[in-house]
Protein chains: 2
Amino acid sequence: MAGRFVNEGLIGRPGSRGKLQTPALVLDLDAFERNVAAMAEHCTRNGMKLRPHAKTHKSVAIAKKQIAAGAVGQCCAKLGEAEAMGEGGIESLLITSPVVTEGAIMRLMALNARVADLMVAVDNPQNAEALAGAAKAAGKKLKVLVDLDPGLHRTGIAPGEPVLSLGRQVHASEWLELRGLQCYAGHVMHIEDFVQRREQSLAAMKVLGETRDAFRAAGLPVDIVSGGGTGSFNIDPEAKVLTELQGGSYIFMDKQYNDVHVGNGAPIPFETSLFVQMSVVSNNTKNLATTDAGFKAFSTDAEAPMLLSGAPEGSAYFFFGDEQGGIALPQGASLLLGAALTAITPHCDPTVNLYDAYHVVRGDTLVDIWPVEARGKSA
Amino acid sequence: MAGRFVNEGLIGRPGSRGKLQTPALVLDLDAFERNVAAMAEHCTRNGMKLRPHAKTHKSVAIAKKQIAAGAVGQCCAKLGEAEAMGEGGIESLLITSPVVTEGAIMRLMALNARVADLMVAVDNPQNAEALAGAAKAAGKKLKVLVDLDPGLHRTGIAPGEPVLSLGRQVHASEWLELRGLQCYAGHVMHIEDFVQRREQSLAAMKVLGETRDAFRAAGLPVDIVSGGGTGSFNIDPEAKVLTELQGGSYIFMDKQYNDVHVGNGAPIPFETSLFVQMSVVSNNTKNLATTDAGFKAFSTDAEAPMLLSGAPEGSAYFFFGDEQGGIALPQGASLLLGAALTAITPHCDPTVNLYDAYHVVRGDTLVDIWPVEARGKSA
C-alpha cells in the first residue's frame, strides 16, 4: 500500500512478471507495439485515417502511443471516457454515442471548451436542437457527425430521408458544425466466417456510401466518414467509404477476435498482447486447483478464459464464483500452491474495465504500470 | 470533472435522483438501513455474532454502518480488500481466502502490523508454515482460522484427519494463533427451494460441528466458527455451530437472492436496496429504446437485469453490447430521449465491482456519494 499500485515495487526487476500480485492484467509490450504499428501501416497503405477506440483500452498512455504511430485521435464510447482522455491531453476526440441528458450536455460543453477538436455523434433531431442550444449558451460551436443506423437499431438514424433531414438540420444550425457521418456495424465484427462478414460489412458500407453521396448532393459537408472495427479492418478499404477506421480490439485481441478469420482462412493478423495472470491459492483436491481469478477478474459475457501458460496441457479454466477460478487438471496432474497461470481474456473491453492498471511487460520483466484512467467512466 | 464524482453537485438537491448522470449505482438508504438492522437483530436474537462480507459492498462507509449496528468486524475475500478496509479504520478483519504467494504474505504481515484484529483463513500445511515463518520475521503473531472444505472443493481442507492435523500444526506454531474454524458452503446459498437448501446447509454444518468437537477433544481452541451467508441466514441458527455469520448480499439483495425462498415460501425477508439507473440515449426504432448501460454497467454472470421503473409494464431489458442496453417495449409504447430507468442488479457483488461510487438516495433525493474503496482490489 506504499505506492498507488500493489506491484509498483517490481518494475524493472528481471523476472518480475512471474512475481506479480494477482489477478493482474498483463500487457505484452512487444506484441502490443507490433499491433499498433501493423494497423497504422494498414490504414496508411489504404489511404484511411485511424481513430482507434478508447473504449477498449481506457488508457491515456495507450492513446498517446496510437497517436504517436499516426492515429488522428481517439474515439470514446462515453462522455466520461472522453473527459478522461481530454484530461490526459488527447486533443482530437469523437464521442461515438449520443449525449442526451441535460447534465451530460452541460459536461459536453465544458469538455468542448477544453479540447481542441471534439466531435459527437448525433442520431436525433431533438438532441441536435438541444446541443445547438447548449453550444450557443456556451459560446463555442460543437462539431457533429450524424450517426447512421447500420440496421442494428442500437444507435443511429435510419437511411434515406431521416438521415438527410438530420444532416440538413445540423448544417443549418449556427452552433453546430457538420463534419460528416458515422456508421458502426457492431453486429458484423464478430462473425467468424470471412465471406459472411465481408458481405454484411459491405452491405452496411453501401448504404453509408449512398448516404454520403446524398449528403454531398444536398450540399452538406462530409469531410469525415467514421466507422469500422477490428472485425472489418481489411474489408472496409475495398468499400472506399470510410475516411477513418474506429478499430479498438486490434491492440489486444481476445478469445472472441482470435476466432474471427480473414480471407485466406487465417486468423486476423494481430497478436494477443493482453492477458490475465492468476495464482493458485488452493490445491487440496485431486485433479483440481483453485486460482484467485473469478467473475471479478474476467468479463463473463463471452466464453470462459483460455489458459495459455502455467498449467499442464489439457487443463481448462472454469469460473468458480466471484473471487476464484477452477483449473480442471488432466488425470494425475497437479499445480503448486502459488503457481502463476496466464489466460487469454474472453472479451478484452469489459475485462479491461475491471482493472485499475496494466502491468506492462517485456519478456519476463515488468517494465511499467499504466493506469486505466477511464475505467468505469461509463457515464 | 470539478469534483471527484460526476454527480457530486446534485447532493442534497430535492428530486436529484432522477437527474443522475448514468449509468449510476443507486443505494436506497431507507431499505439499506432496514436490512442492516434486520440482520443485526436476527443474529442477536439467535446468539450469533455478525461479520458481514465486504466482498459484497467494498465500502468503508457501509462497513462502518454495519459495525455501528452491532457487527463484530468484516470479512474480506481478498487481501487487497482487507488493506482497503484497514486503511478505512476497520479494526477486525477476517480474510476468507488463503493468502499464499510470497509477495502477498509480505503484504499480509504489513497489514497485521497495522490492524488490531486480523485473521486469515488457512487450508494448507505448507501455507501455514510459510505464514508462521513470515509472522516470526515480522515479530507479530498472526491469527488464523482453519478453513474446512464443505464439499465444494473451492477452498478448504478435507474433514477428518487432514483438518485436524492442520489445526494441530497451527496451534503448535509459536507465531500463529489458532482462533477456530471457517466453513463457507458457497454452493448452497442460491438454491431457490428452502427444503433442499436447508438440507444441504445443515449437512455442511454437521461436518463443521463434528470438526469443532474433534478440535476441542484434541485440545485445540475453537473460539470462532465463521461461515454462512444470506442464503442460509435462517438455517444456520438451528445447527448451533456457527459463532458468527458471514452474510454479504442481505444489505442489497439482487435478482438471484430475490428468487431464493424461506420456509413459508416467501422470499428472503430483506429488501432490494441496490439499483442501476440508466438513461435512454436513442429511440429511433419502433418498440425499442437504447440505454447507456450494457456489459460495463451490469455483471453478466447471472440473468439479465430486471426493470423496476421508468419503462411501461411489459418492457424487458436486454444486453445490447458493452456500452448499451436495449429495452424491448410493448407494442406501441415508446420512451423519451433521456428518460431515466431503474433496474435490479442480476448479481450484486460483481456489479458493485464495476462502479467507483454508490449514489445514496432517500426517496427522490441524492443525499450522499460513498466511494467503493475496495473496487477492483481482487489481488
# chains A, B, ... in the order shown; residues from 1 in each chain; ligands from 1
call {"tool": "interface_residues", "arguments": {"of": "chain B", "to": "chain A", "cutoff": "8 Å", "atoms": "only C-alpha atoms", "output": "short mmCIF file (atom, residue, chain, number, x, y, z; two decimals) with N, CA and C atoms, in the first residue's frame"}}
result
data_model
loop_
_atom_site.label_atom_id
_atom_site.label_comp_id
_atom_site.auth_asym_id
_atom_site.auth_seq_id
_atom_site.Cartn_x
_atom_site.Cartn_y
_atom_site.Cartn_z
N MET B 1 -16.24 17.40 -14.06
CA MET B 1 -14.91 16.96 -13.64
C MET B 1 -14.36 17.83 -12.52
N LYS B 19 -32.03 12.97 -11.87
CA LYS B 19 -31.14 13.76 -12.73
C LYS B 19 -29.72 13.22 -12.78
N LEU B 20 -29.51 12.06 -12.17
CA LEU B 20 -28.15 11.50 -12.11
C LEU B 20 -27.57 11.27 -13.50
N GLN B 21 -26.30 11.56 -13.64
CA GLN B 21 -25.56 11.11 -14.81
C GLN B 21 -25.48 9.59 -14.69
N THR B 22 -25.74 8.91 -15.77
CA THR B 22 -25.86 7.45 -15.72
C THR B 22 -24.95 6.78 -16.74
N PRO B 23 -24.72 5.45 -16.61
CA PRO B 23 -25.23 4.55 -15.59
C PRO B 23 -24.68 4.88 -14.20
N ALA B 24 -25.54 4.72 -13.21
CA ALA B 24 -25.17 5.02 -11.83
C ALA B 24 -25.68 3.94 -10.90
N ALA B 77 -12.77 -10.96 1.05
CA ALA B 77 -12.45 -12.10 0.20
C ALA B 77 -10.99 -12.11 -0.20
N GLU B 83 -6.85 -4.64 2.92
CA GLU B 83 -6.00 -3.45 3.02
C GLU B 83 -6.85 -2.19 2.94
N SER B 97 -10.13 -16.03 2.14
CA SER B 97 -9.44 -16.88 1.15
C SER B 97 -7.97 -16.99 1.55
N PRO B 98 -7.32 -18.08 1.15
CA PRO B 98 -5.92 -18.24 1.51
C PRO B 98 -5.04 -17.15 0.89
N VAL B 99 -4.02 -16.75 1.62
CA VAL B 99 -3.03 -15.78 1.14
C VAL B 99 -1.73 -16.57 0.98
N VAL B 100 -1.29 -16.77 -0.26
CA VAL B 100 -0.26 -17.80 -0.45
C VAL B 100 1.06 -17.34 -1.07
N THR B 101 1.03 -16.35 -1.97
CA THR B 101 2.29 -16.04 -2.64
C THR B 101 3.21 -15.26 -1.71
N GLY B 103 4.85 -12.50 -2.13
CA GLY B 103 4.54 -11.07 -2.08
C GLY B 103 3.31 -10.78 -1.26
N ALA B 104 2.29 -11.63 -1.41
CA ALA B 104 1.05 -11.43 -0.67
C ALA B 104 1.27 -11.64 0.82
N ASP B 123 -5.84 -23.25 4.57
CA ASP B 123 -6.34 -24.59 4.25
C ASP B 123 -5.23 -25.55 3.85
N ASN B 124 -3.98 -25.17 4.14
CA ASN B 124 -2.86 -25.94 3.60
C ASN B 124 -1.67 -25.89 4.56
N HIS B 153 -15.04 -28.00 -2.76
CA HIS B 153 -13.66 -28.16 -3.26
C HIS B 153 -13.08 -26.88 -3.86
N ARG B 154 -13.59 -25.73 -3.43
CA ARG B 154 -13.04 -24.47 -3.95
C ARG B 154 -11.87 -24.05 -3.08
N THR B 155 -12.13 -23.84 -1.80
CA THR B 155 -11.03 -23.72 -0.84
C THR B 155 -11.43 -24.57 0.36
N GLY B 156 -10.50 -24.72 1.29
CA GLY B 156 -10.77 -25.53 2.47
C GLY B 156 -10.06 -26.86 2.40
N ILE B 157 -9.88 -27.44 3.59
CA ILE B 157 -9.20 -28.73 3.68
C ILE B 157 -10.24 -29.78 4.06
N ALA B 158 -9.99 -31.01 3.69
CA ALA B 158 -10.97 -32.08 3.89
C ALA B 158 -11.20 -32.34 5.38
N SER B 279 -30.17 5.74 -18.61
CA SER B 279 -30.94 6.73 -19.37
C SER B 279 -31.09 6.29 -20.82
N VAL B 281 -30.73 6.75 -24.53
CA VAL B 281 -29.86 7.59 -25.35
C VAL B 281 -30.23 7.54 -26.82
N SER B 282 -31.09 6.62 -27.21
CA SER B 282 -31.50 6.55 -28.61
C SER B 282 -32.86 5.88 -28.66
N ASN B 283 -33.75 6.42 -29.51
CA ASN B 283 -35.11 5.85 -29.57
C ASN B 283 -35.71 5.98 -30.97
N ASN B 284 -34.90 5.65 -31.97
CA ASN B 284 -35.34 5.82 -33.35
C ASN B 284 -36.13 4.64 -33.91
N THR B 285 -36.18 3.54 -33.17
CA THR B 285 -36.80 2.34 -33.72
C THR B 285 -38.06 1.99 -32.93
N THR B 290 -32.78 2.43 -26.56
CA THR B 290 -31.42 2.06 -26.20
C THR B 290 -31.00 2.88 -24.99
N ASP B 292 -27.92 3.63 -21.80
CA ASP B 292 -26.47 3.76 -21.69
C ASP B 292 -25.82 2.72 -20.78
N ALA B 293 -26.51 1.61 -20.50
CA ALA B 293 -25.97 0.61 -19.57
C ALA B 293 -25.91 -0.77 -20.22
N PHE B 295 -22.72 -4.22 -20.89
CA PHE B 295 -21.84 -5.15 -20.18
C PHE B 295 -20.94 -4.47 -19.15
N LYS B 296 -20.68 -3.17 -19.34
CA LYS B 296 -19.80 -2.49 -18.39
C LYS B 296 -20.57 -1.91 -17.21
N ALA B 297 -21.89 -2.07 -17.23
CA ALA B 297 -22.73 -1.48 -16.18
C ALA B 297 -23.42 -2.52 -15.30
N SER B 299 -23.02 -6.84 -14.06
CA SER B 299 -22.32 -8.11 -14.21
C SER B 299 -23.18 -9.01 -15.09
N THR B 300 -22.52 -9.90 -15.82
CA THR B 300 -23.25 -10.73 -16.79
C THR B 300 -23.18 -12.21 -16.42
N ASP B 301 -22.81 -12.50 -15.18
CA ASP B 301 -22.68 -13.91 -14.78
C ASP B 301 -24.03 -14.52 -14.40
N PHE B 320 -27.15 -5.01 -24.92
CA PHE B 320 -27.00 -4.54 -26.30
C PHE B 320 -25.54 -4.15 -26.51
N ASP B 322 -21.31 -3.82 -25.09
CA ASP B 322 -20.52 -3.35 -23.96
C ASP B 322 -21.10 -2.10 -23.32
N GLU B 323 -21.61 -1.21 -24.14
CA GLU B 323 -21.90 0.14 -23.67
C GLU B 323 -23.38 0.42 -23.51
N GLN B 324 -24.22 -0.39 -24.12
CA GLN B 324 -25.65 -0.08 -24.17
C GLN B 324 -26.53 -1.25 -23.77
N GLY B 326 -30.67 -2.64 -24.38
CA GLY B 326 -31.87 -2.45 -25.18
C GLY B 326 -33.09 -2.61 -24.28
N LEU B 337 -36.32 10.35 -25.09
CA LEU B 337 -34.87 10.50 -25.03
C LEU B 337 -34.50 11.09 -23.67
N GLY B 338 -33.54 10.48 -23.00
CA GLY B 338 -33.11 10.98 -21.70
C GLY B 338 -33.89 10.43 -20.53
N ASP B 349 -22.71 -8.49 -6.08
CA ASP B 349 -21.27 -8.35 -5.82
C ASP B 349 -20.47 -7.94 -7.06
N PRO B 350 -20.53 -8.71 -8.14
CA PRO B 350 -19.72 -8.31 -9.31
C PRO B 350 -20.24 -7.05 -10.00
N ASN B 353 -18.66 -4.18 -8.17
CA ASN B 353 -17.24 -4.14 -8.53
C ASN B 353 -16.96 -3.40 -9.84
N LEU B 354 -18.02 -2.98 -10.54
CA LEU B 354 -17.85 -2.20 -11.77
C LEU B 354 -17.86 -0.70 -11.50
N TYR B 355 -18.30 -0.30 -10.32
CA TYR B 355 -18.56 1.12 -10.05
C TYR B 355 -17.59 1.72 -9.03
N ASP B 356 -17.34 3.00 -9.18
CA ASP B 356 -16.47 3.71 -8.23
C ASP B 356 -17.24 4.29 -7.06
N GLY B 376 -12.22 -3.49 -7.39
CA GLY B 376 -11.11 -3.99 -8.18
C GLY B 376 -9.93 -4.51 -7.37
N SER B 378 -8.90 -7.13 -6.18
CA SER B 378 -9.00 -8.59 -6.17
C SER B 378 -7.67 -9.26 -5.91
N ALA B 379 -6.61 -8.48 -5.86
CA ALA B 379 -5.27 -9.06 -5.63
C ALA B 379 -4.88 -8.91 -4.16
#
call {"tool": "residues_around", "arguments": {"residues": "Tyr257 (chain A)", "least_positions_apart": "5", "cutoff": "8 Å", "atoms": "only C-alpha atoms", "output": "list of chain:residue names"}}
result
A:His190, A:Gly231, A:Ser249, A:Ile268
call {"tool": "write_last_selection", "arguments": {"atoms": "C-alpha atoms", "output": "mmCIF file, in the first residue's frame"}}
result
data_model
loop_
_atom_site.group_PDB
_atom_site.id
_atom_site.type_symbol
_atom_site.label_atom_id
_atom_site.label_comp_id
_atom_site.auth_asym_id
_atom_site.auth_seq_id
_atom_site.Cartn_x
_atom_site.Cartn_y
_atom_site.Cartn_z
ATOM 1 C CA HIS A 190 -17.519 -10.988 -34.573
ATOM 2 C CA GLY A 231 -13.503 -7.294 -37.481
ATOM 3 C CA SER A 249 -9.518 -4.535 -30.024
ATOM 4 C CA ILE A 268 -6.952 -11.913 -38.002
#
call {"tool": "select_by_dssp", "arguments": {"residues": "region 76-232 of chain B", "states": "strand (DSSP E)", "output": "ChimeraX atom specification"}}
result
/B:76,92-95,117-122,142-147,176-183,224-227
call {"tool": "write_last_selection", "arguments": {"atoms": "N, CA and C atoms", "output": "mmCIF file, in the first residue's frame"}}
result
data_model
loop_
_atom_site.group_PDB
_atom_site.id
_atom_site.type_symbol
_atom_site.label_atom_id
_atom_site.label_comp_id
_atom_site.auth_asym_id
_atom_site.auth_seq_id
_atom_site.Cartn_x
_atom_site.Cartn_y
_atom_site.Cartn_z
ATOM 1 N N CYS B 76 -13.292 -10.235 4.438
ATOM 2 C CA CYS B 76 -12.786 -9.758 3.152
ATOM 3 C C CYS B 76 -12.409 -10.974 2.325
ATOM 4 N N SER B 92 -11.365 -5.069 12.898
ATOM 5 C CA SER B 92 -11.439 -6.527 13.000
ATOM 6 C C SER B 92 -11.786 -7.101 11.633
ATOM 7 N N LEU B 93 -10.821 -7.817 11.061
ATOM 8 C CA LEU B 93 -10.957 -8.297 9.682
ATOM 9 C C LEU B 93 -10.605 -9.769 9.587
ATOM 10 N N LEU B 94 -11.429 -10.500 8.848
ATOM 11 C CA LEU B 94 -11.126 -11.897 8.526
ATOM 12 C C LEU B 94 -10.975 -12.014 7.017
ATOM 13 N N ILE B 95 -9.794 -12.430 6.568
ATOM 14 C CA ILE B 95 -9.604 -12.689 5.133
ATOM 15 C C ILE B 95 -10.012 -14.136 4.893
ATOM 16 N N ASP B 117 -7.067 -6.569 14.956
ATOM 17 C CA ASP B 117 -7.598 -7.928 15.000
ATOM 18 C C ASP B 117 -7.745 -8.473 13.586
ATOM 19 N N LEU B 118 -6.631 -8.947 13.031
ATOM 20 C CA LEU B 118 -6.640 -9.505 11.675
ATOM 21 C C LEU B 118 -6.567 -11.025 11.752
ATOM 22 N N MET B 119 -7.436 -11.678 10.997
ATOM 23 C CA MET B 119 -7.403 -13.142 10.914
ATOM 24 C C MET B 119 -7.371 -13.538 9.447
ATOM 25 N N VAL B 120 -6.783 -14.718 9.190
ATOM 26 C CA VAL B 120 -6.765 -15.206 7.816
ATOM 27 C C VAL B 120 -7.128 -16.687 7.803
ATOM 28 N N ALA B 121 -7.856 -17.083 6.766
ATOM 29 C CA ALA B 121 -8.212 -18.489 6.606
ATOM 30 C C ALA B 121 -7.032 -19.248 5.995
ATOM 31 N N VAL B 122 -6.810 -20.462 6.482
ATOM 32 C CA VAL B 122 -5.699 -21.295 6.015
ATOM 33 C C VAL B 122 -6.244 -22.683 5.720
ATOM 34 N N LEU B 142 0.204 -14.097 14.060
ATOM 35 C CA LEU B 142 -0.897 -13.962 13.106
ATOM 36 C C LEU B 142 -2.037 -14.876 13.539
ATOM 37 N N LYS B 143 -3.236 -14.324 13.577
ATOM 38 C CA LYS B 143 -4.416 -15.109 13.943
ATOM 39 C C LYS B 143 -4.948 -15.867 12.735
ATOM 40 N N VAL B 144 -5.338 -17.110 12.975
ATOM 41 C CA VAL B 144 -5.699 -17.990 11.872
ATOM 42 C C VAL B 144 -7.006 -18.727 12.165
ATOM 43 N N LEU B 145 -7.844 -18.852 11.130
ATOM 44 C CA LEU B 145 -8.951 -19.813 11.164
ATOM 45 C C LEU B 145 -8.608 -20.920 10.177
ATOM 46 N N VAL B 146 -8.782 -22.153 10.589
ATOM 47 C CA VAL B 146 -8.580 -23.263 9.661
ATOM 48 C C VAL B 146 -9.850 -23.404 8.822
ATOM 49 N N ASP B 147 -9.657 -23.441 7.502
ATOM 50 C CA ASP B 147 -10.778 -23.432 6.553
ATOM 51 C C ASP B 147 -11.154 -24.864 6.181
ATOM 52 N N LEU B 176 1.669 -18.506 15.113
ATOM 53 C CA LEU B 176 0.278 -18.478 14.655
ATOM 54 C C LEU B 176 -0.622 -18.661 15.871
ATOM 55 N N GLU B 177 -1.762 -18.005 15.839
ATOM 56 C CA GLU B 177 -2.719 -18.179 16.932
ATOM 57 C C GLU B 177 -3.991 -18.777 16.358
ATOM 58 N N LEU B 178 -4.281 -20.005 16.740
ATOM 59 C CA LEU B 178 -5.478 -20.674 16.234
ATOM 60 C C LEU B 178 -6.709 -20.076 16.903
ATOM 61 N N ARG B 179 -7.572 -19.461 16.086
ATOM 62 C CA ARG B 179 -8.780 -18.834 16.637
ATOM 63 C C ARG B 179 -10.012 -19.693 16.403
ATOM 64 N N GLY B 180 -9.906 -20.644 15.483
ATOM 65 C CA GLY B 180 -11.061 -21.504 15.263
ATOM 66 C C GLY B 180 -11.177 -21.986 13.833
ATOM 67 N N LEU B 181 -12.416 -22.087 13.364
ATOM 68 C CA LEU B 181 -12.703 -22.703 12.069
ATOM 69 C C LEU B 181 -13.529 -21.786 11.174
ATOM 70 N N GLN B 182 -13.356 -21.981 9.878
ATOM 71 C CA GLN B 182 -14.228 -21.344 8.893
ATOM 72 C C GLN B 182 -14.759 -22.412 7.947
ATOM 73 N N CYS B 183 -15.996 -22.261 7.536
ATOM 74 C CA CYS B 183 -16.548 -23.150 6.511
ATOM 75 C C CYS B 183 -17.645 -22.389 5.785
ATOM 76 N N ILE B 224 -13.892 -19.270 17.576
ATOM 77 C CA ILE B 224 -14.687 -18.743 16.467
ATOM 78 C C ILE B 224 -15.011 -19.863 15.490
ATOM 79 N N VAL B 225 -16.280 -19.939 15.089
ATOM 80 C CA VAL B 225 -16.665 -20.780 13.951
ATOM 81 C C VAL B 225 -17.429 -19.853 13.008
ATOM 82 N N SER B 226 -16.804 -19.534 11.874
ATOM 83 C CA SER B 226 -17.311 -18.487 10.985
ATOM 84 C C SER B 226 -17.793 -19.092 9.678
ATOM 85 N N GLY B 227 -18.942 -18.628 9.190
ATOM 86 C CA GLY B 227 -19.458 -19.147 7.923
ATOM 87 C C GLY B 227 -20.867 -18.661 7.679
#
call {"tool": "select_by_dssp", "arguments": {"residues": "region 247-287 of chain B", "states": "helix (DSSP H, G or I)", "output": "ChimeraX atom specification"}}
result
/B:249-251,255-258
call {"tool": "write_last_selection", "arguments": {"atoms": "all heavy atoms", "output": "compact mmCIF listing (two decimals), in the first residue's frame"}}
result
# COMPACT_ATOMS: atom_id res chain seq x y z
N SER B 249 -24.79 -10.25 0.90
CA SER B 249 -25.78 -9.70 -0.03
C SER B 249 -27.05 -9.18 0.64
O SER B 249 -27.81 -8.44 0.01
CB SER B 249 -26.16 -10.76 -1.06
OG SER B 249 -25.02 -11.23 -1.73
N TYR B 250 -27.29 -9.56 1.90
CA TYR B 250 -28.55 -9.16 2.56
C TYR B 250 -28.73 -7.64 2.58
O TYR B 250 -29.86 -7.16 2.62
CB TYR B 250 -28.59 -9.71 3.99
CG TYR B 250 -27.68 -8.98 4.96
CD1 TYR B 250 -28.17 -7.94 5.76
CD2 TYR B 250 -26.33 -9.30 5.06
CE1 TYR B 250 -27.33 -7.26 6.64
CE2 TYR B 250 -25.49 -8.62 5.92
CZ TYR B 250 -25.99 -7.61 6.71
OH TYR B 250 -25.16 -6.93 7.56
N ILE B 251 -27.66 -6.89 2.56
CA ILE B 251 -27.80 -5.43 2.60
C ILE B 251 -28.39 -4.86 1.31
O ILE B 251 -29.03 -3.83 1.32
CB ILE B 251 -26.46 -4.72 2.89
CG1 ILE B 251 -25.35 -5.18 1.93
CG2 ILE B 251 -26.05 -4.95 4.33
CD1 ILE B 251 -24.06 -4.36 2.06
N LYS B 255 -31.38 -9.90 -8.04
CA LYS B 255 -32.29 -10.81 -8.74
C LYS B 255 -32.10 -12.25 -8.24
O LYS B 255 -33.06 -12.95 -7.95
CB LYS B 255 -32.02 -10.70 -10.24
CG LYS B 255 -32.78 -11.66 -11.14
CD LYS B 255 -34.22 -11.22 -11.37
CE LYS B 255 -34.89 -12.09 -12.43
NZ LYS B 255 -35.01 -13.50 -12.06
N GLN B 256 -30.83 -12.68 -8.11
CA GLN B 256 -30.56 -14.05 -7.67
C GLN B 256 -31.16 -14.34 -6.30
O GLN B 256 -31.82 -15.35 -6.10
CB GLN B 256 -29.04 -14.28 -7.60
CG GLN B 256 -28.40 -14.57 -8.93
CD GLN B 256 -26.95 -15.04 -8.78
OE1 GLN B 256 -26.27 -14.68 -7.83
NE2 GLN B 256 -26.49 -15.84 -9.71
N TYR B 257 -30.89 -13.46 -5.34
CA TYR B 257 -31.37 -13.73 -3.98
C TYR B 257 -32.87 -13.45 -3.84
O TYR B 257 -33.52 -14.02 -2.96
CB TYR B 257 -30.56 -12.94 -2.94
CG TYR B 257 -29.38 -13.71 -2.40
CD1 TYR B 257 -28.09 -13.21 -2.47
CD2 TYR B 257 -29.56 -14.96 -1.81
CE1 TYR B 257 -27.01 -13.93 -1.97
CE2 TYR B 257 -28.49 -15.69 -1.31
CZ TYR B 257 -27.21 -15.16 -1.39
OH TYR B 257 -26.15 -15.88 -0.90
N ASN B 258 -33.41 -12.60 -4.69
CA ASN B 258 -34.86 -12.39 -4.64
C ASN B 258 -35.61 -13.65 -5.06
O ASN B 258 -36.79 -13.81 -4.77
CB ASN B 258 -35.27 -11.22 -5.54
CG ASN B 258 -34.94 -9.88 -4.91
OD1 ASN B 258 -34.79 -9.77 -3.69
ND2 ASN B 258 -34.81 -8.85 -5.73
call {"tool": "closest_residue", "arguments": {"among": "B:Leu164, B:Ile105, B:Leu274, B:Ile90", "to": "Tyr358 (chain B)", "atoms": "only C-alpha atoms"}}
result
B:Leu274
